[in-house]
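Next comes my_file33.txt, a file with compact mmCIF, C-alpha atoms and all ligand atoms.
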```txt
# COMPACT_ATOMS: atom_id res chain seq x y z
CA MET A 12 0.00 0.00 0.00
CA ARG A 13 0.93 3.65 -0.30
CA ILE A 14 0.97 5.04 3.23
CA PHE A 15 1.42 8.66 4.31
CA VAL A 16 2.86 9.11 7.81
CA THR A 17 2.95 12.53 9.46
CA GLY A 18 5.51 12.97 12.23
CA ALA A 19 7.77 10.43 10.47
CA ALA A 20 10.98 11.77 12.07
CA GLY A 21 9.42 11.61 15.53
CA PHE A 22 9.80 8.76 18.00
CA ILE A 23 6.67 6.79 17.12
CA GLY A 24 6.58 7.83 13.45
CA PHE A 25 10.13 6.58 12.91
CA HIS A 26 9.29 3.14 14.30
CA ILE A 27 6.04 2.94 12.35
CA CYS A 28 7.78 3.86 9.09
CA ARG A 29 10.46 1.24 9.64
CA ARG A 30 7.87 -1.43 10.27
CA LEU A 31 5.76 -0.42 7.24
CA LEU A 32 8.86 -0.54 5.01
CA ASP A 33 9.76 -3.97 6.43
CA ASP A 34 6.25 -5.09 5.49
CA GLY A 35 6.81 -3.93 1.88
CA HIS A 36 4.70 -0.77 1.83
CA VAL A 37 5.63 2.47 0.08
CA VAL A 38 5.87 5.22 2.66
CA ASP A 39 5.74 8.99 2.28
CA GLY A 40 6.79 10.69 5.51
CA PHE A 41 5.86 14.26 6.39
CA ASP A 42 7.58 16.14 9.20
CA GLY A 43 8.41 19.76 10.01
CA LEU A 44 11.44 18.69 12.12
CA THR A 45 10.40 21.08 14.90
CA PRO A 46 12.92 22.15 17.56
CA PHE A 47 10.80 20.82 20.48
CA TYR A 48 13.72 18.54 21.41
CA ASP A 49 17.16 17.78 19.98
CA GLN A 50 16.86 18.02 16.21
CA GLY A 51 19.99 15.88 15.92
CA LEU A 52 17.96 12.89 17.12
CA LYS A 53 15.33 13.59 14.46
CA ALA A 54 18.10 13.91 11.86
CA GLU A 55 19.47 10.49 12.85
CA ARG A 56 16.03 8.88 12.59
CA ARG A 57 15.47 10.61 9.26
CA ALA A 58 18.79 9.42 7.85
CA ARG A 59 17.95 5.83 8.77
CA LEU A 60 14.62 6.07 6.98
CA GLU A 61 15.96 7.85 3.92
CA GLY A 62 18.46 5.04 3.45
CA ARG A 63 15.56 2.65 2.76
CA ASN A 64 13.90 1.84 -0.58
CA GLY A 65 10.29 2.95 -0.76
CA PHE A 66 10.65 5.92 1.57
CA ARG A 67 10.79 9.65 1.00
CA LEU A 68 10.34 12.52 3.43
CA HIS A 69 8.47 15.76 2.80
CA VAL A 70 9.90 18.37 5.17
CA ALA A 71 7.21 20.92 5.97
CA MET A 72 4.81 22.01 8.67
CA LEU A 73 1.17 20.94 8.70
CA GLU A 74 0.30 24.61 9.00
CA ASP A 75 1.66 25.10 5.45
CA GLU A 76 -1.44 24.12 3.46
CA ALA A 77 0.24 24.31 0.06
CA ALA A 78 3.16 22.10 1.09
CA LEU A 79 0.80 19.60 2.66
CA ALA A 80 -1.40 19.49 -0.45
CA ALA A 81 1.66 19.00 -2.67
CA ALA A 82 2.97 16.16 -0.50
CA LEU A 83 -0.41 14.40 -0.50
CA ALA A 84 -0.78 14.88 -4.26
CA ALA A 85 2.64 13.29 -4.79
CA ALA A 86 1.98 10.44 -2.36
CA LYS A 87 -1.62 9.53 -3.34
CA PRO A 88 -1.98 7.58 -0.09
CA GLU A 89 -4.40 4.74 0.47
CA VAL A 90 -3.81 5.01 4.22
CA VAL A 91 -2.83 8.05 6.30
CA ILE A 92 -1.27 7.71 9.76
CA HIS A 93 -1.27 11.09 11.49
CA LEU A 94 1.27 11.30 14.32
CA ALA A 95 2.72 14.80 13.89
CA ALA A 96 1.82 16.95 16.85
CA GLN A 97 3.18 19.17 19.51
CA ALA A 98 3.46 16.46 22.16
CA GLY A 99 4.28 16.67 25.86
CA VAL A 100 2.08 17.35 28.87
CA ARG A 101 4.51 19.52 30.84
CA TYR A 102 5.62 21.70 27.91
CA SER A 103 1.97 22.63 27.32
CA LEU A 104 2.09 24.71 30.51
CA GLU A 105 5.07 26.68 29.14
CA ASN A 106 4.01 27.11 25.54
CA PRO A 107 0.30 26.34 25.07
CA ARG A 108 0.13 28.25 21.79
CA ALA A 109 2.34 25.66 20.07
CA TYR A 110 -0.43 23.11 20.71
CA LEU A 111 -3.07 25.24 19.03
CA ALA A 112 -0.90 25.66 15.94
CA SER A 113 0.39 22.11 15.45
CA ASN A 114 -2.47 20.10 16.84
CA ILE A 115 -5.60 22.06 16.08
CA VAL A 116 -4.69 24.06 12.95
CA GLY A 117 -2.32 21.35 11.70
CA THR A 118 -4.84 18.53 12.10
CA PHE A 119 -7.61 20.67 10.63
CA ASN A 120 -5.44 21.31 7.55
CA LEU A 121 -4.82 17.60 7.12
CA LEU A 122 -8.52 16.76 7.49
CA GLU A 123 -9.47 19.41 4.96
CA ALA A 124 -6.80 18.25 2.51
CA LEU A 125 -8.09 14.68 2.73
CA ARG A 126 -11.57 15.75 1.58
CA GLU A 127 -10.16 16.02 -1.93
CA ALA A 128 -9.02 12.40 -2.06
CA PRO A 129 -10.22 10.45 0.99
CA PRO A 130 -7.95 7.57 1.95
CA ARG A 131 -9.32 4.12 2.73
CA HIS A 132 -8.46 4.77 6.36
CA LEU A 133 -7.14 7.66 8.42
CA LEU A 134 -5.51 6.66 11.69
CA MET A 135 -4.51 9.39 14.11
CA ALA A 136 -2.80 9.69 17.47
CA SER A 137 -4.67 10.91 20.49
CA THR A 138 -3.66 10.46 24.10
CA SER A 139 -4.46 8.89 27.45
CA SER A 140 -4.21 12.43 28.86
CA LEU A 141 -7.84 12.89 27.79
CA TYR A 142 -8.91 10.70 30.70
CA GLY A 143 -7.50 13.27 33.15
CA VAL A 144 -8.13 12.27 36.76
CA SER A 145 -11.05 10.01 35.92
CA ARG A 146 -12.01 7.63 38.70
CA HIS A 147 -13.19 5.13 36.13
CA ILE A 148 -10.16 2.82 36.08
CA PRO A 149 -9.07 1.18 33.82
CA PHE A 150 -9.83 3.88 31.27
CA VAL A 151 -12.28 2.70 28.65
CA GLU A 152 -12.74 4.43 25.29
CA HIS A 153 -16.38 5.46 25.61
CA GLN A 154 -16.10 7.05 29.05
CA HIS A 155 -16.46 10.79 29.56
CA THR A 156 -13.35 12.74 28.39
CA ASP A 157 -14.59 16.32 28.55
CA GLN A 158 -12.53 17.52 31.49
CA PRO A 159 -8.95 17.82 30.18
CA LEU A 160 -6.37 19.12 32.65
CA THR A 161 -3.95 20.65 30.14
CA LEU A 162 -3.95 22.41 26.79
CA TYR A 163 -2.21 19.34 25.41
CA ALA A 164 -5.16 17.13 26.34
CA ALA A 165 -7.64 19.81 25.26
CA SER A 166 -5.98 20.14 21.86
CA LYS A 167 -6.04 16.36 21.35
CA LYS A 168 -9.71 16.21 22.31
CA ALA A 169 -10.30 18.90 19.69
CA THR A 170 -8.55 16.79 17.06
CA GLU A 171 -10.75 13.80 17.90
CA VAL A 172 -14.00 15.74 17.62
CA MET A 173 -12.92 17.58 14.45
CA ALA A 174 -12.02 14.23 12.90
CA HIS A 175 -15.40 12.81 13.91
CA ALA A 176 -17.21 15.66 12.15
CA GLN A 177 -15.12 15.29 8.99
CA ALA A 178 -15.54 11.51 9.03
CA HIS A 179 -19.31 12.06 9.13
CA LEU A 180 -19.42 14.80 6.49
CA TRP A 181 -16.95 13.41 3.98
CA SER A 182 -17.03 9.67 4.65
CA ILE A 183 -13.41 9.40 5.74
CA PRO A 184 -13.09 6.22 7.86
CA THR A 185 -11.09 7.32 10.89
CA THR A 186 -9.56 5.61 13.90
CA ALA A 187 -8.23 7.75 16.75
CA PHE A 188 -5.95 5.81 19.05
CA ARG A 189 -5.14 6.90 22.58
CA PHE A 190 -1.57 6.06 23.53
CA PHE A 191 -0.26 5.49 27.05
CA THR A 192 3.35 6.58 27.96
CA VAL A 193 5.27 5.00 25.11
CA TYR A 194 8.96 4.21 25.63
CA GLY A 195 11.82 2.37 23.95
CA PRO A 196 14.87 2.89 21.71
CA TRP A 197 14.98 6.20 19.83
CA GLY A 198 12.54 7.59 22.41
CA ARG A 199 11.67 11.13 23.34
CA PRO A 200 14.33 12.86 25.43
CA ASP A 201 11.68 15.03 27.15
CA MET A 202 9.89 11.97 28.59
CA ALA A 203 10.75 10.32 31.90
CA PRO A 204 12.04 6.91 30.68
CA LEU A 205 14.88 8.21 28.51
CA LYS A 206 15.47 11.30 30.65
CA PHE A 207 15.92 9.07 33.70
CA VAL A 208 18.31 6.69 31.91
CA ASP A 209 20.45 9.60 30.72
CA ALA A 210 20.55 11.31 34.13
CA ILE A 211 21.18 8.16 36.17
CA GLU A 212 24.00 7.09 33.87
CA ALA A 213 25.62 10.55 34.22
CA GLY A 214 25.05 10.70 38.02
CA ARG A 215 22.68 13.68 37.76
CA PRO A 216 19.64 13.83 40.07
CA ILE A 217 16.23 12.89 38.68
CA ASP A 218 13.05 14.80 39.55
CA ILE A 219 10.36 12.50 40.89
CA TYR A 220 6.94 14.15 41.11
CA ASN A 221 4.22 13.45 43.67
CA ASN A 222 7.00 11.86 45.75
CA GLY A 223 6.92 8.91 43.37
CA GLU A 224 3.28 8.08 44.09
CA MET A 225 2.34 7.61 40.50
CA ARG A 226 1.44 4.70 38.29
CA ARG A 227 1.86 4.70 34.55
CA ASP A 228 0.72 2.25 31.93
CA PHE A 229 4.16 2.19 30.26
CA THR A 230 3.79 0.83 26.72
CA TYR A 231 6.75 -0.57 24.84
CA ILE A 232 7.21 0.88 21.36
CA ASP A 233 7.15 -2.45 19.47
CA ASP A 234 3.83 -3.35 21.09
CA LEU A 235 2.39 0.02 20.09
CA VAL A 236 3.58 -0.41 16.50
CA GLU A 237 2.05 -3.89 16.32
CA GLY A 238 -1.28 -2.50 17.53
CA ILE A 239 -1.26 0.33 15.00
CA VAL A 240 -0.29 -1.91 12.08
CA ARG A 241 -3.08 -4.36 12.91
CA LEU A 242 -5.63 -1.55 13.16
CA ILE A 243 -4.90 -0.43 9.58
CA ASP A 244 -7.25 -3.15 8.33
CA CYS A 245 -9.91 -2.56 11.00
CA ILE A 246 -11.81 0.09 9.10
CA PRO A 247 -14.65 1.61 11.14
CA GLN A 248 -18.04 1.35 9.51
CA PRO A 249 -21.24 2.19 11.41
CA ALA A 250 -24.30 0.02 10.79
CA PRO A 251 -26.77 1.71 8.38
CA ASP A 252 -29.39 2.08 11.12
CA GLY A 253 -26.80 3.39 13.59
CA ALA A 254 -27.21 0.32 15.81
CA THR A 255 -23.97 -0.91 17.35
CA ASP A 256 -23.04 -2.88 20.42
CA GLU A 257 -19.64 -1.20 20.42
CA PRO A 258 -19.82 2.10 22.29
CA ALA A 259 -16.45 3.35 20.99
CA LEU A 260 -17.77 3.19 17.42
CA SER A 261 -19.74 6.26 16.41
CA PRO A 262 -23.34 5.57 15.37
CA VAL A 263 -23.25 8.48 12.92
CA ALA A 264 -19.78 8.41 11.35
CA PRO A 265 -17.14 5.88 10.29
CA PHE A 266 -15.18 6.81 13.39
CA ARG A 267 -13.82 4.83 16.31
CA VAL A 268 -11.54 5.47 19.30
CA VAL A 269 -9.15 2.72 20.45
CA ASN A 270 -6.80 2.62 23.44
CA ILE A 271 -3.33 1.21 22.83
CA GLY A 272 -1.64 0.60 26.16
CA ARG A 273 0.03 -2.22 28.03
CA GLY A 274 -2.98 -2.55 30.33
CA GLU A 275 -0.82 -3.02 33.41
CA PRO A 276 0.24 0.13 35.26
CA VAL A 277 3.61 0.14 37.01
CA ASN A 278 4.64 2.22 40.03
CA LEU A 279 7.03 4.95 38.96
CA LEU A 280 9.52 3.92 41.65
CA ASP A 281 9.50 0.33 40.37
CA PHE A 282 10.19 1.61 36.87
CA ILE A 283 13.13 3.63 38.20
CA GLU A 284 14.44 0.58 40.08
CA GLU A 285 14.35 -1.41 36.86
CA ILE A 286 16.51 1.26 35.16
CA GLU A 287 18.92 1.22 38.12
CA ARG A 288 19.16 -2.56 37.98
CA LYS A 289 19.89 -2.58 34.26
CA LEU A 290 22.40 0.30 34.44
CA GLY A 291 23.99 -1.02 37.63
CA LYS A 292 23.79 2.49 39.14
CA ARG A 293 21.69 4.13 41.83
CA ALA A 294 19.62 7.19 41.00
CA VAL A 295 20.03 10.43 42.94
CA ARG A 296 16.39 11.11 43.77
CA ASN A 297 14.91 14.59 43.97
CA TYR A 298 11.39 14.16 45.35
CA LEU A 299 8.95 16.91 44.38
CA PRO A 300 5.23 17.60 44.81
CA MET A 301 2.70 16.82 42.11
CA GLN A 302 3.04 19.03 39.04
CA LYS A 303 0.13 21.06 37.77
CA GLY A 304 -1.77 19.19 35.08
CA ASP A 305 -0.26 15.81 35.99
CA VAL A 306 -2.30 12.73 36.91
CA PRO A 307 -1.52 10.04 39.52
CA VAL A 308 -2.46 7.04 37.38
CA THR A 309 -2.97 5.95 33.79
CA PHE A 310 -4.38 2.53 33.01
CA ALA A 311 -5.65 1.36 29.61
CA ASP A 312 -8.57 -0.96 29.16
CA CYS A 313 -7.28 -2.90 26.11
CA HIS A 314 -10.28 -5.14 25.45
CA LEU A 315 -11.34 -3.25 22.34
CA LEU A 316 -7.87 -3.45 20.76
CA GLU A 317 -7.79 -7.16 21.51
CA ARG A 318 -11.29 -7.76 20.15
CA LEU A 319 -10.56 -5.87 16.92
CA THR A 320 -7.06 -7.18 16.25
CA GLY A 321 -6.58 -10.32 18.33
CA TYR A 322 -3.54 -8.62 19.81
CA ARG A 323 -2.70 -7.52 23.33
CA PRO A 324 0.53 -5.68 24.23
CA SER A 325 2.68 -7.92 26.40
CA THR A 326 6.19 -6.49 26.80
CA GLY A 327 6.94 -6.09 30.49
CA VAL A 328 9.07 -3.39 32.04
CA ARG A 329 12.10 -5.64 32.54
CA GLU A 330 12.32 -6.46 28.85
CA GLY A 331 11.34 -2.96 27.70
CA VAL A 332 13.75 -1.09 29.96
CA GLY A 333 16.45 -3.62 29.00
CA ALA A 334 16.03 -2.76 25.31
CA LEU A 335 15.92 0.98 26.05
CA VAL A 336 19.16 0.87 28.06
CA ASP A 337 20.92 -1.35 25.49
CA TRP A 338 20.01 1.15 22.78
CA TYR A 339 21.08 4.09 24.96
CA ARG A 340 24.48 2.53 25.65
CA ALA A 341 25.08 1.87 21.96
CA HIS A 342 23.85 5.33 20.98
CA GLY A 343 25.54 7.47 23.64
CA PRO A 344 24.40 10.33 25.89
CA LEU A 345 21.69 12.76 24.89
CA LYS A 346 22.38 16.38 24.00
CA PRO A 347 21.55 18.69 26.93
CA ALA A 348 17.98 20.05 26.62
N1 LIG B 401 5.14 9.16 23.10
C1 LIG B 401 4.06 9.01 23.88
O1 LIG B 401 4.12 8.44 24.97
C2 LIG B 401 2.72 9.51 23.41
C3 LIG B 401 1.62 9.34 24.27
C4 LIG B 401 0.37 9.79 23.85
C5 LIG B 401 0.20 10.35 22.59
N2 LIG B 401 1.29 10.52 21.79
C6 LIG B 401 1.07 11.12 20.47
O2 LIG B 401 1.71 10.33 19.49
C7 LIG B 401 2.18 11.16 18.42
C8 LIG B 401 3.66 10.92 18.18
O3 LIG B 401 4.37 11.25 19.38
P1 LIG B 401 5.93 11.08 19.54
O4 LIG B 401 6.18 10.63 20.93
O5 LIG B 401 6.48 10.31 18.40
O6 LIG B 401 6.37 12.62 19.44
P2 LIG B 401 7.59 13.30 18.64
O7 LIG B 401 7.63 14.72 19.14
O8 LIG B 401 8.81 12.47 18.77
O9 LIG B 401 7.10 13.27 17.13
C9 LIG B 401 6.26 14.22 16.55
C10 LIG B 401 6.86 14.64 15.23
O10 LIG B 401 5.96 15.55 14.60
C11 LIG B 401 6.69 16.64 14.07
N3 LIG B 401 5.80 17.80 14.14
C12 LIG B 401 5.32 18.42 15.25
N4 LIG B 401 4.50 19.43 14.92
C13 LIG B 401 4.46 19.45 13.57
C14 LIG B 401 3.77 20.25 12.62
N5 LIG B 401 2.96 21.23 13.02
N6 LIG B 401 3.95 20.00 11.31
C15 LIG B 401 4.77 18.99 10.89
N7 LIG B 401 5.45 18.21 11.74
C16 LIG B 401 5.29 18.43 13.06
C17 LIG B 401 7.92 16.80 14.94
O11 LIG B 401 9.01 17.39 14.23
C18 LIG B 401 8.20 15.36 15.37
O12 LIG B 401 9.18 14.76 14.56
C19 LIG B 401 1.83 12.60 18.82
O13 LIG B 401 0.61 12.92 18.20
C20 LIG B 401 1.67 12.52 20.32
O14 LIG B 401 0.82 13.53 20.81
C21 LIG B 401 2.54 10.11 22.17
```
Since I need it in another form, could you write the structure as structure tokens?
Amino acid sequence: MRIFVTGAAGFIGFHICRRLLDDGHVVDGFDGLTPFYDQGLKAERRARLEGRNGFRLHVAMLEDEAALAAALAAAKPEVVIHLAAQAGVRYSLENPRAYLASNIVGTFNLLEALREAPPRHLLMASTSSLYGVSRHIPFVEHQHTDQPLTLYAASKKATEVMAHAQAHLWSIPTTAFRFFTVYGPWGRPDMAPLKFVDAIEAGRPIDIYNNGEMRRDFTYIDDLVEGIVRLIDCIPQPAPDGATDEPALSPVAPFRVVNIGRGEPVNLLDFIEEIERKLGKRAVRNYLPMQKGDVPVTFADCHLLERLTGYRPSTGVREGVGALVDWYRAHGPLKPA
């Protein structure tokens, strides 16, 4: 298939593109190579992709409608996987405007551009942050998500509801997946897993919020990629009379929301201990209160993913942290933020 992947030089986009190329697809990547974190890391991912047959990268921002239209016209995609976004919960307190531009305007531009030539399936990244401090645990797709705690979560909610409207109006089958703290090789240097590895290895203190009383549904990158790839062929289609026994499937649009998480939250302190064990070094711990906008627990209900795809993420923290640290040691320290 011809597949268009936005955010291709990002952490998740890079892994998805590699897997799609391994599977024999033709992949057009699209990425603005933003300076949110070390652009050198994006350049390394990009170089690895550009060395592969069947891949080309369009370097532009989603906000640039003409560049986006030209890239889509050249790619003629059958499937679009939309991962480009201003990510990060904490950074959204510092620079909320970046989230409006990349996530809301950027996603709107993509949705509008796809009206011209709708793909067979649009798959797009949303986030577990939408569940906020919900007491309904584990988080299930059809529960209430109208009380976001940050502009990041609010902007992602906006992308979901815009995509629902466009799916209804222009018959674009759309799946929005909600990811849960993804980690692994080539990860994001602004996120705790890689930040902790880098700091512990260098003997720098690590900041631990809410005094470590947090649980996260850490999801290993290969599991996430497997879930996404399997969902490509699960094209949402509402019944003609709107009747459905699946509450995450819209009754009025070819639109569905799916969690992709490990489904097994881990205490933050246990995650840190696993890094210490693998590195053979103790962390210098700097305990801090809860940060604004943060949540004490994330926990994915993965039944829908399993029912649709027959797949359930299974990589545990020992294996996942092991692969992250092995990659880190081969790759070398991160550039200072
Ligand atoms: N990593 C996680 O744990 C996690 C969790 C929940 C949701 N997500 C979502 O998954 C997606 C991918 O996340 P990631 O961790 O790979 O992040 P990332 O920052 O590594 O990748 C995003 C990529 O998009 C590009 N980009 C950003 N804004 C752009 C714009 N306006 N136009 C063009 N390109 C732009 C960046 O240059 C970057 O390469 C994002 O939508 C993110 O919100 C990630």
>> Around ligand LIG 401 (chain B), which protein and nucleic acid residues have at least one atom no more than 6 Å from it, if we count all atoms listed in the file? List them as a PyMOL selection string.
In response: chain A and resi 18+20-24+42-45+71-74+94-98+113+117+136-138+190-193+199
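One distance worth recording is that between CA of Tyr339 in chain A and CA of Asp281 in chain A, which is 19.6 Å.
Remark: for Glu127 in chain A, the closest of the candidate residues A:Pro216, A:Gly143, A:Gly198, A:Pro88 is A:Pro88 (distances computed over only C-alpha atoms).
Using only C-alpha atoms for every distance, the candidate list A:Asp244, A:Asp312, A:Glu275, A:Glu171 yields A:Glu275 as the residue closest to Thr230 in chain A.
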>> As an exercise, work out the distance from CA of Leu235 in chain A to CA of Phe150 in chain A in Å and give it to one decimal place.
In response: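 Atom-to-atom, CA of Leu235 in chain A to CA of Phe150 in chain A, that is 17.0 Å.
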> So what do you get for CA of Ser103 in chain A versus CA of Ala165 in chain A, distance-wise?
Replying inline: 10.2 Å
Quick one: 4 Å padding each side, axis-aligned, all listed atoms of range 253-257 of chain A - centre and edge lengths in Å to one decimal, as lines of an AutoDock Vina configuration file?
```
center_x = -23.4
center_y = 0.3
center_z = 17.0
size_x = 15.6
size_y = 14.3
size_z = 14.8
```
For range 306-315 of chain A, supply all heavy atoms and format the output as a short mmCIF file (atom, residue, chain, number, x, y, z; two decimals), in the frame of the given file.
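File part-v9.cif, as written:
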```
data_model
loop_
_atom_site.label_atom_id
_atom_site.label_comp_id
_atom_site.auth_asym_id
_atom_site.auth_seq_id
_atom_site.Cartn_x
_atom_site.Cartn_y
_atom_site.Cartn_z
N VAL A 306 -1.29 13.63 36.36
CA VAL A 306 -2.30 12.73 36.91
C VAL A 306 -1.60 11.60 37.67
O VAL A 306 -0.50 11.20 37.30
CB VAL A 306 -3.21 12.14 35.80
CG1 VAL A 306 -3.96 13.25 35.08
CG2 VAL A 306 -2.43 11.30 34.80
N PRO A 307 -2.21 11.07 38.73
CA PRO A 307 -1.52 10.04 39.52
C PRO A 307 -1.49 8.67 38.86
O PRO A 307 -0.60 7.88 39.12
CB PRO A 307 -2.34 9.98 40.83
CG PRO A 307 -3.66 10.59 40.50
CD PRO A 307 -3.46 11.53 39.35
N VAL A 308 -2.45 8.39 37.97
CA VAL A 308 -2.46 7.04 37.38
C VAL A 308 -2.99 7.08 35.95
O VAL A 308 -3.86 7.89 35.61
CB VAL A 308 -3.32 6.08 38.25
CG1 VAL A 308 -4.77 6.53 38.35
CG2 VAL A 308 -3.28 4.65 37.72
N THR A 309 -2.38 6.22 35.11
CA THR A 309 -2.97 5.95 33.79
C THR A 309 -3.05 4.43 33.66
O THR A 309 -2.16 3.71 34.12
CB THR A 309 -2.16 6.53 32.62
OG1 THR A 309 -0.87 5.91 32.57
CG2 THR A 309 -1.99 8.04 32.75
N PHE A 310 -4.13 3.97 33.07
CA PHE A 310 -4.38 2.53 33.01
C PHE A 310 -5.34 2.27 31.85
O PHE A 310 -6.50 2.68 31.89
CB PHE A 310 -4.99 2.08 34.36
CG PHE A 310 -5.20 0.59 34.53
CD1 PHE A 310 -5.58 0.10 35.78
CD2 PHE A 310 -5.04 -0.32 33.49
CE1 PHE A 310 -5.80 -1.26 35.98
CE2 PHE A 310 -5.25 -1.68 33.69
CZ PHE A 310 -5.63 -2.15 34.93
N ALA A 311 -4.84 1.61 30.81
CA ALA A 311 -5.65 1.36 29.61
C ALA A 311 -6.49 0.10 29.74
O ALA A 311 -5.96 -0.96 30.09
CB ALA A 311 -4.74 1.21 28.40
N ASP A 312 -7.76 0.22 29.42
CA ASP A 312 -8.57 -0.96 29.16
C ASP A 312 -8.28 -1.34 27.70
O ASP A 312 -8.55 -0.55 26.79
CB ASP A 312 -10.05 -0.63 29.37
CG ASP A 312 -10.94 -1.84 29.16
OD1 ASP A 312 -10.74 -2.55 28.15
OD2 ASP A 312 -11.84 -2.07 29.98
N CYS A 313 -7.73 -2.53 27.47
CA CYS A 313 -7.28 -2.90 26.11
C CYS A 313 -8.19 -3.92 25.45
O CYS A 313 -7.80 -4.54 24.45
CB CYS A 313 -5.87 -3.48 26.16
SG CYS A 313 -4.70 -2.31 26.79
N HIS A 314 -9.40 -4.11 26.01
CA HIS A 314 -10.28 -5.14 25.45
C HIS A 314 -10.67 -4.86 24.00
O HIS A 314 -10.77 -5.77 23.19
CB HIS A 314 -11.53 -5.31 26.31
CG HIS A 314 -11.24 -6.03 27.58
ND1 HIS A 314 -10.99 -5.38 28.78
CD2 HIS A 314 -11.10 -7.35 27.82
CE1 HIS A 314 -10.73 -6.27 29.70
NE2 HIS A 314 -10.78 -7.47 29.16
N LEU A 315 -10.89 -3.57 23.70
CA LEU A 315 -11.34 -3.25 22.34
C LEU A 315 -10.22 -3.57 21.33
O LEU A 315 -10.46 -4.19 20.29
CB LEU A 315 -11.77 -1.78 22.24
CG LEU A 315 -12.23 -1.35 20.85
CD1 LEU A 315 -13.40 -2.19 20.36
CD2 LEU A 315 -12.62 0.13 20.85
#
```
